[in-house]
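Here is the structure we will look at, set down as structure tokens.
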Amino acid sequence: MFQQAWRNGQAVVFQGGKSKLAAGWEPTYFIEHYGPDATKVVDCVTKEALDMTVGYFFNYFLDASKVRDRILKLPDWPSYTEFKEKFPDHFRDFKEKAPFEDYSGFVGSRNLAARLPMSFLPPDLGPKMYNAFGSSDAGKEGYGTTPIHLDMADAVNVMMYASTLEPENEGRPAAVWDIYSRNDSAKIREYLRGYAKANGIENIDDPVHDQFFYLNESMRRELFEQYGVVGWRIFQNVGDAVFVPAGSCHQVCNYKDCVKAACDFVSPENLSACVQLTNEFRALSKTHRRREDLLNLKSILWSTWSSCPFLFEEE
């Protein structure tokens, strides 16, 4: 069932992993072990980076009395090299809990990035943590925690923790994803360019790769009415794993304070989308932060071609 949806370029959600999660993903753990560590958090709306300690950030998850005047997130924490060393137990737990390991596993038979020889510098495919406050995507003023964007490869995101501070949020999903078919990317760009022009937003290089816009309820309605575009709306709770195929625009709104872990991989089914994305990144302005080919795709392609006779021998 997974492969059939994946071959068609569709998003997939794997539910029911909550009971298998190990302890240690709660805010109290990170406060106790890493509280004094300095870090950068990001205002989800303004994109402003703020200096803050890990403990100060995660205390918001535990104290409902703390005043919130921003939607903050601690993304991409820590770097790939630090994750395995800094959180060895969490690293092992994520590896064990991410489903469909033939694809998502770091040595999975269908993860082409695993074909890179040890002598090559591996791409930074994670895992990393994505920690963010809860928000709302309702109406014209709604704004999520992750703007619409495209990842450089396929991705799987597993929710490890969600806060239960707010009683009114009981029974509500912890987060919602909007994932769009890769066939709709051009229409989404066209809509966002028009939206930017109508609202006096300038200096747009690529409205998706800039990672500036979040499609709230009002904007999603306009996108459908003007272009006929509607995405997959996926609700995520603790233990759920969301698989996003390369080339699919997507965004996230946490309804609760959440801790998630994610990694990228390169599947044969979406290899052409990875090539297209690499070309798109190269076409960005020289100062654009996404211009660099962090995937090292040419090396992956060469290593895959070299190992073709053995590519699926595990099957």
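Quick note on naming: the chains in the structure tokens go A, B, ... in the order shown, residues restart at 1 in each chain, and ligands are numbered from 1 in order of appearance.
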### Message
From a backbone DSSP assignment, name each residue in segment 49-126 of chain A labelled helix (DSSP H, G or I), as a VMD selection string.
### Response
chain A and resid 54 to 59 80 to 86 88 to 97 101 to 104 112 to 115
Using N, CA and C atoms, can you write the selected residues to a file as a compact mmCIF listing (two decimals), in the first residue's frame?
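Saved file result06.txt follows:
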```txt
# COMPACT_ATOMS: atom_id res chain seq x y z
N VAL A 54 18.00 26.95 25.65
CA VAL A 54 17.12 25.81 25.41
C VAL A 54 16.08 25.71 26.52
N GLY A 55 16.51 25.91 27.76
CA GLY A 55 15.60 25.81 28.89
C GLY A 55 14.50 26.84 28.86
N TYR A 56 14.85 28.09 28.50
CA TYR A 56 13.85 29.15 28.45
C TYR A 56 12.80 28.84 27.40
N PHE A 57 13.24 28.33 26.25
CA PHE A 57 12.30 28.00 25.18
C PHE A 57 11.34 26.89 25.63
N PHE A 58 11.88 25.79 26.14
CA PHE A 58 11.04 24.65 26.48
C PHE A 58 10.17 24.90 27.71
N ASN A 59 10.51 25.89 28.54
CA ASN A 59 9.66 26.22 29.68
C ASN A 59 8.28 26.69 29.25
N TYR A 80 23.20 17.62 12.10
CA TYR A 80 23.28 16.16 11.92
C TYR A 80 24.43 15.56 12.72
N THR A 81 25.60 16.17 12.62
CA THR A 81 26.77 15.60 13.29
C THR A 81 26.60 15.62 14.80
N GLU A 82 25.91 16.64 15.29
CA GLU A 82 25.72 16.74 16.73
C GLU A 82 24.62 15.80 17.22
N PHE A 83 23.61 15.53 16.40
CA PHE A 83 22.46 14.77 16.86
C PHE A 83 22.88 13.39 17.37
N LYS A 84 23.63 12.68 16.57
CA LYS A 84 24.03 11.33 16.95
C LYS A 84 24.91 11.34 18.19
N GLU A 85 25.76 12.36 18.31
CA GLU A 85 26.67 12.44 19.45
C GLU A 85 25.98 13.02 20.68
N LYS A 86 25.13 14.02 20.46
CA LYS A 86 24.48 14.71 21.57
C LYS A 86 23.31 13.91 22.13
N PRO A 88 22.43 10.25 21.62
CA PRO A 88 22.57 8.89 21.09
C PRO A 88 21.34 8.02 21.31
N ASP A 89 20.68 8.17 22.47
CA ASP A 89 19.47 7.37 22.73
C ASP A 89 18.33 7.81 21.82
N HIS A 90 18.19 9.11 21.63
CA HIS A 90 17.15 9.63 20.75
C HIS A 90 17.41 9.23 19.30
N PHE A 91 18.68 9.22 18.92
CA PHE A 91 19.06 8.80 17.57
C PHE A 91 18.64 7.35 17.31
N ARG A 92 18.94 6.49 18.27
CA ARG A 92 18.56 5.08 18.12
C ARG A 92 17.04 4.92 18.12
N ASP A 93 16.37 5.69 18.99
CA ASP A 93 14.92 5.58 19.08
C ASP A 93 14.26 6.02 17.78
N PHE A 94 14.76 7.12 17.19
CA PHE A 94 14.19 7.59 15.92
C PHE A 94 14.42 6.56 14.82
N LYS A 95 15.60 5.99 14.76
CA LYS A 95 15.90 4.99 13.73
C LYS A 95 14.96 3.80 13.84
N GLU A 96 14.64 3.43 15.08
CA GLU A 96 13.77 2.27 15.30
C GLU A 96 12.31 2.58 15.02
N LYS A 97 11.91 3.84 15.22
CA LYS A 97 10.50 4.19 15.13
C LYS A 97 10.07 4.67 13.76
N GLU A 101 11.55 1.21 6.84
CA GLU A 101 12.98 1.48 6.93
C GLU A 101 13.74 1.18 5.64
N ASP A 102 13.17 0.41 4.73
CA ASP A 102 13.82 0.23 3.43
C ASP A 102 13.99 1.57 2.72
N TYR A 103 13.06 2.48 2.99
CA TYR A 103 13.12 3.82 2.42
C TYR A 103 13.76 4.82 3.38
N SER A 104 13.25 4.89 4.59
CA SER A 104 13.65 5.94 5.52
C SER A 104 14.93 5.61 6.28
N LEU A 112 18.59 5.72 -1.83
CA LEU A 112 19.76 5.80 -2.72
C LEU A 112 20.91 6.56 -2.09
N ALA A 113 20.62 7.43 -1.13
CA ALA A 113 21.69 8.14 -0.45
C ALA A 113 22.59 7.19 0.32
N ALA A 114 22.06 6.01 0.68
CA ALA A 114 22.85 5.01 1.39
C ALA A 114 23.89 4.36 0.50
N ARG A 115 23.81 4.61 -0.82
CA ARG A 115 24.75 4.02 -1.76
C ARG A 115 26.07 4.79 -1.84
```
Kindly provide the residues of segment 156-216 of chain A that approach segment 130-152 of chain A to within 7 Å, each paired with its closest atom pair and their distance in Å to one decimal, based on only C-alpha atoms, listed by chain and increasing number, as JSON lines.
```
{"residue": "A:Val208", "atom": "CA", "partner": "A:His149", "partner_atom": "CA", "distance": 5.0}
{"residue": "A:His209", "atom": "CA", "partner": "A:His149", "partner_atom": "CA", "distance": 5.7}
{"residue": "A:Gln211", "atom": "CA", "partner": "A:His149", "partner_atom": "CA", "distance": 5.5}
{"residue": "A:Phe212", "atom": "CA", "partner": "A:Pro147", "partner_atom": "CA", "distance": 6.1}
{"residue": "A:Phe213", "atom": "CA", "partner": "A:Pro147", "partner_atom": "CA", "distance": 5.4}
{"residue": "A:Tyr214", "atom": "CA", "partner": "A:Pro147", "partner_atom": "CA", "distance": 4.5}
{"residue": "A:Asn216", "atom": "CA", "partner": "A:Asp137", "partner_atom": "CA", "distance": 5.0}
```
#### Entry: Residues near segment 28-42 of chain A, cut-off 8 Å, only C-alpha atoms, skip fewer than 2 positions along chain, as JSON, numbers by chain
{"A": [24, 25, 26, 44, 47, 48, 49, 50, 51, 52, 53, 54, 55, 56, 58, 59, 72, 73, 74, 75]}
### Query
Which is closer to Val244 of chain A than all the others in A:Lys187, A:Arg182, A:Arg220, A:Lys256, using only C-alpha atoms?
A:Arg182
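Using only C-alpha atoms for every distance, the candidate list A:Glu280, A:Met129, A:Ile300, A:Leu215 yields A:Met129 as the residue closest to Trp77 of chain A.
When only C-alpha atoms are used to compute distances to Asp184 of chain A, the closest of the residues A:Cys253, A:Val107, A:Val229, A:Ala261 turns out to be A:Val229.
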### Task
Run DSSP on the backbone of this structure and report the residues of segment 63-151 of chain A it assigns to strand (DSSP E), as a ChimeraX atom specification.
/A:72-77,128-132,146-149
### Query
Between A:Met118, A:Leu125, A:Ala155, A:Ala98, which has the minimum distance to Gly247 of chain A (counting only C-alpha atoms)?
A:Ala155
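When atom CA of Val230 of chain A is paired with atom CA of Ile201 of chain A, their separation reads 24.1 Å.
The space between atom CA of Phe2 of chain A and atom CA of Ser306 of chain A spans 27.3 Å.
Atom CA of Pro122 of chain A lies 10.9 Å from atom CA of Phe106 of chain A.
Minimum distance to Arg289 of chain A across A:Arg172, A:Ile188, A:Phe120, A:Asp206 (counting only C-alpha atoms) occurs at A:Asp206.
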### Query
So which residues touch Leu301 of chain A within 12 Å, counting only C-alpha atoms, skipping near sequence neighbours fewer than 5 positions away, as a PyMOL selection string?
chain A and resi 111-117+266-268+271-272+274-275+295-296+306-308
Could the residues in this selection be saved with all heavy atoms as a compact mmCIF listing (two decimals), in the first residue's frame?
```
# COMPACT_ATOMS: atom_id res chain seq x y z
N ASN A 111 16.86 3.55 -0.17
CA ASN A 111 17.37 4.90 0.08
C ASN A 111 18.67 5.05 -0.70
O ASN A 111 19.73 4.56 -0.29
CB ASN A 111 17.61 5.11 1.59
CG ASN A 111 18.10 6.52 1.90
OD1 ASN A 111 18.21 7.37 1.02
ND2 ASN A 111 18.40 6.76 3.16
N LEU A 112 18.59 5.72 -1.83
CA LEU A 112 19.76 5.80 -2.72
C LEU A 112 20.91 6.56 -2.09
O LEU A 112 22.07 6.35 -2.47
CB LEU A 112 19.35 6.46 -4.05
CG LEU A 112 18.24 5.77 -4.83
CD1 LEU A 112 18.03 6.45 -6.17
CD2 LEU A 112 18.54 4.29 -5.03
N ALA A 113 20.62 7.43 -1.13
CA ALA A 113 21.69 8.14 -0.45
C ALA A 113 22.59 7.19 0.32
O ALA A 113 23.76 7.49 0.58
CB ALA A 113 21.11 9.19 0.50
N ALA A 114 22.06 6.01 0.68
CA ALA A 114 22.85 5.01 1.39
C ALA A 114 23.89 4.36 0.50
O ALA A 114 24.77 3.64 0.99
CB ALA A 114 21.93 3.95 1.98
N ARG A 115 23.81 4.61 -0.82
CA ARG A 115 24.75 4.02 -1.76
C ARG A 115 26.07 4.79 -1.84
O ARG A 115 27.00 4.34 -2.50
CB ARG A 115 24.13 3.95 -3.16
CG ARG A 115 22.84 3.14 -3.21
CD ARG A 115 23.10 1.66 -3.04
NE ARG A 115 21.91 0.94 -2.63
CZ ARG A 115 21.85 -0.38 -2.51
NH1 ARG A 115 22.91 -1.10 -2.77
NH2 ARG A 115 20.74 -0.96 -2.11
N LEU A 116 26.12 5.95 -1.21
CA LEU A 116 27.37 6.72 -1.23
C LEU A 116 28.46 5.97 -0.49
O LEU A 116 28.26 5.51 0.64
CB LEU A 116 27.16 8.08 -0.56
CG LEU A 116 26.60 9.22 -1.41
CD1 LEU A 116 26.35 10.43 -0.54
CD2 LEU A 116 27.55 9.56 -2.55
N PRO A 117 29.64 5.82 -1.08
CA PRO A 117 30.75 5.16 -0.38
C PRO A 117 31.18 5.95 0.85
O PRO A 117 30.92 7.15 0.96
CB PRO A 117 31.87 5.14 -1.44
CG PRO A 117 31.19 5.37 -2.74
CD PRO A 117 29.99 6.21 -2.46
N VAL A 266 16.41 9.53 -0.23
CA VAL A 266 16.27 9.64 -1.69
C VAL A 266 15.75 8.31 -2.22
O VAL A 266 16.48 7.32 -2.25
CB VAL A 266 17.62 9.98 -2.35
CG1 VAL A 266 17.44 10.13 -3.87
CG2 VAL A 266 18.20 11.27 -1.77
N SER A 267 14.50 8.29 -2.62
CA SER A 267 13.90 7.05 -3.12
C SER A 267 13.96 7.00 -4.64
O SER A 267 13.96 8.04 -5.31
CB SER A 267 12.44 6.94 -2.66
OG SER A 267 11.65 7.95 -3.27
N PRO A 268 14.02 5.80 -5.23
CA PRO A 268 14.05 5.69 -6.70
C PRO A 268 12.82 6.32 -7.35
O PRO A 268 12.92 6.92 -8.42
CB PRO A 268 14.09 4.17 -6.94
CG PRO A 268 14.59 3.59 -5.67
CD PRO A 268 14.11 4.48 -4.57
N LEU A 271 13.34 10.21 -7.71
CA LEU A 271 14.66 10.69 -8.09
C LEU A 271 14.57 11.84 -9.09
O LEU A 271 15.31 12.83 -8.99
CB LEU A 271 15.48 9.54 -8.69
CG LEU A 271 16.94 9.83 -9.01
CD1 LEU A 271 17.68 10.31 -7.77
CD2 LEU A 271 17.61 8.57 -9.57
N SER A 272 13.66 11.74 -10.04
CA SER A 272 13.53 12.81 -11.04
C SER A 272 13.11 14.12 -10.39
O SER A 272 13.53 15.21 -10.82
CB SER A 272 12.51 12.41 -12.12
OG SER A 272 11.23 12.17 -11.55
N CYS A 274 14.01 15.06 -7.38
CA CYS A 274 15.22 15.57 -6.73
C CYS A 274 16.11 16.29 -7.74
O CYS A 274 16.70 17.33 -7.44
CB CYS A 274 16.00 14.42 -6.09
SG CYS A 274 15.18 13.67 -4.66
N VAL A 275 16.20 15.74 -8.96
CA VAL A 275 16.98 16.38 -10.01
C VAL A 275 16.38 17.74 -10.36
O VAL A 275 17.09 18.74 -10.50
CB VAL A 275 17.04 15.48 -11.27
CG1 VAL A 275 17.72 16.21 -12.42
CG2 VAL A 275 17.78 14.18 -10.96
N LEU A 295 22.47 18.26 -1.29
CA LEU A 295 22.18 16.83 -1.43
C LEU A 295 23.34 16.07 -2.05
O LEU A 295 23.45 14.85 -1.89
CB LEU A 295 20.91 16.64 -2.27
CG LEU A 295 20.32 15.24 -2.36
CD1 LEU A 295 20.00 14.70 -0.98
CD2 LEU A 295 19.07 15.25 -3.23
N ASN A 296 24.22 16.77 -2.78
CA ASN A 296 25.33 16.10 -3.47
C ASN A 296 24.77 15.04 -4.41
O ASN A 296 25.21 13.89 -4.43
CB ASN A 296 26.30 15.48 -2.45
CG ASN A 296 27.65 15.17 -3.06
OD1 ASN A 296 27.93 15.52 -4.21
ND2 ASN A 296 28.50 14.50 -2.31
N SER A 306 26.73 2.85 -10.29
CA SER A 306 27.83 1.90 -10.11
C SER A 306 27.37 0.62 -9.42
O SER A 306 27.95 -0.45 -9.61
CB SER A 306 28.95 2.55 -9.28
OG SER A 306 29.44 3.71 -9.93
N SER A 307 26.33 0.73 -8.59
CA SER A 307 25.88 -0.42 -7.82
C SER A 307 24.59 -1.01 -8.35
O SER A 307 23.94 -1.80 -7.69
CB SER A 307 25.69 -0.04 -6.35
OG SER A 307 24.68 0.95 -6.23
N CYS A 308 24.20 -0.63 -9.59
CA CYS A 308 22.92 -1.07 -10.14
C CYS A 308 22.69 -2.57 -10.07
O CYS A 308 21.58 -3.01 -9.74
CB CYS A 308 22.78 -0.60 -11.60
SG CYS A 308 22.00 1.02 -11.73
```
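Among the candidates A:Phe235, A:Gln3, A:Pro123, A:Leu297, the residue lying nearest to Arg110 of chain A is A:Gln3 (atoms considered: only C-alpha atoms).
Residues within 12 Å of Gln10 of chain A, counting only C-alpha atoms and excluding same-chain residues fewer than 6 positions away, are Met1, Phe2, Gln3, Gln4, Asp154, Ile179, Tyr180, Ser181, Arg182, Asn183, Gly231, Trp232, Arg233, Ile234, Val242, Phe243, Val244, Pro245, Ala246, Gly247, Ser248, Cys249, His250, Glu269 and Asn270 of chain A.
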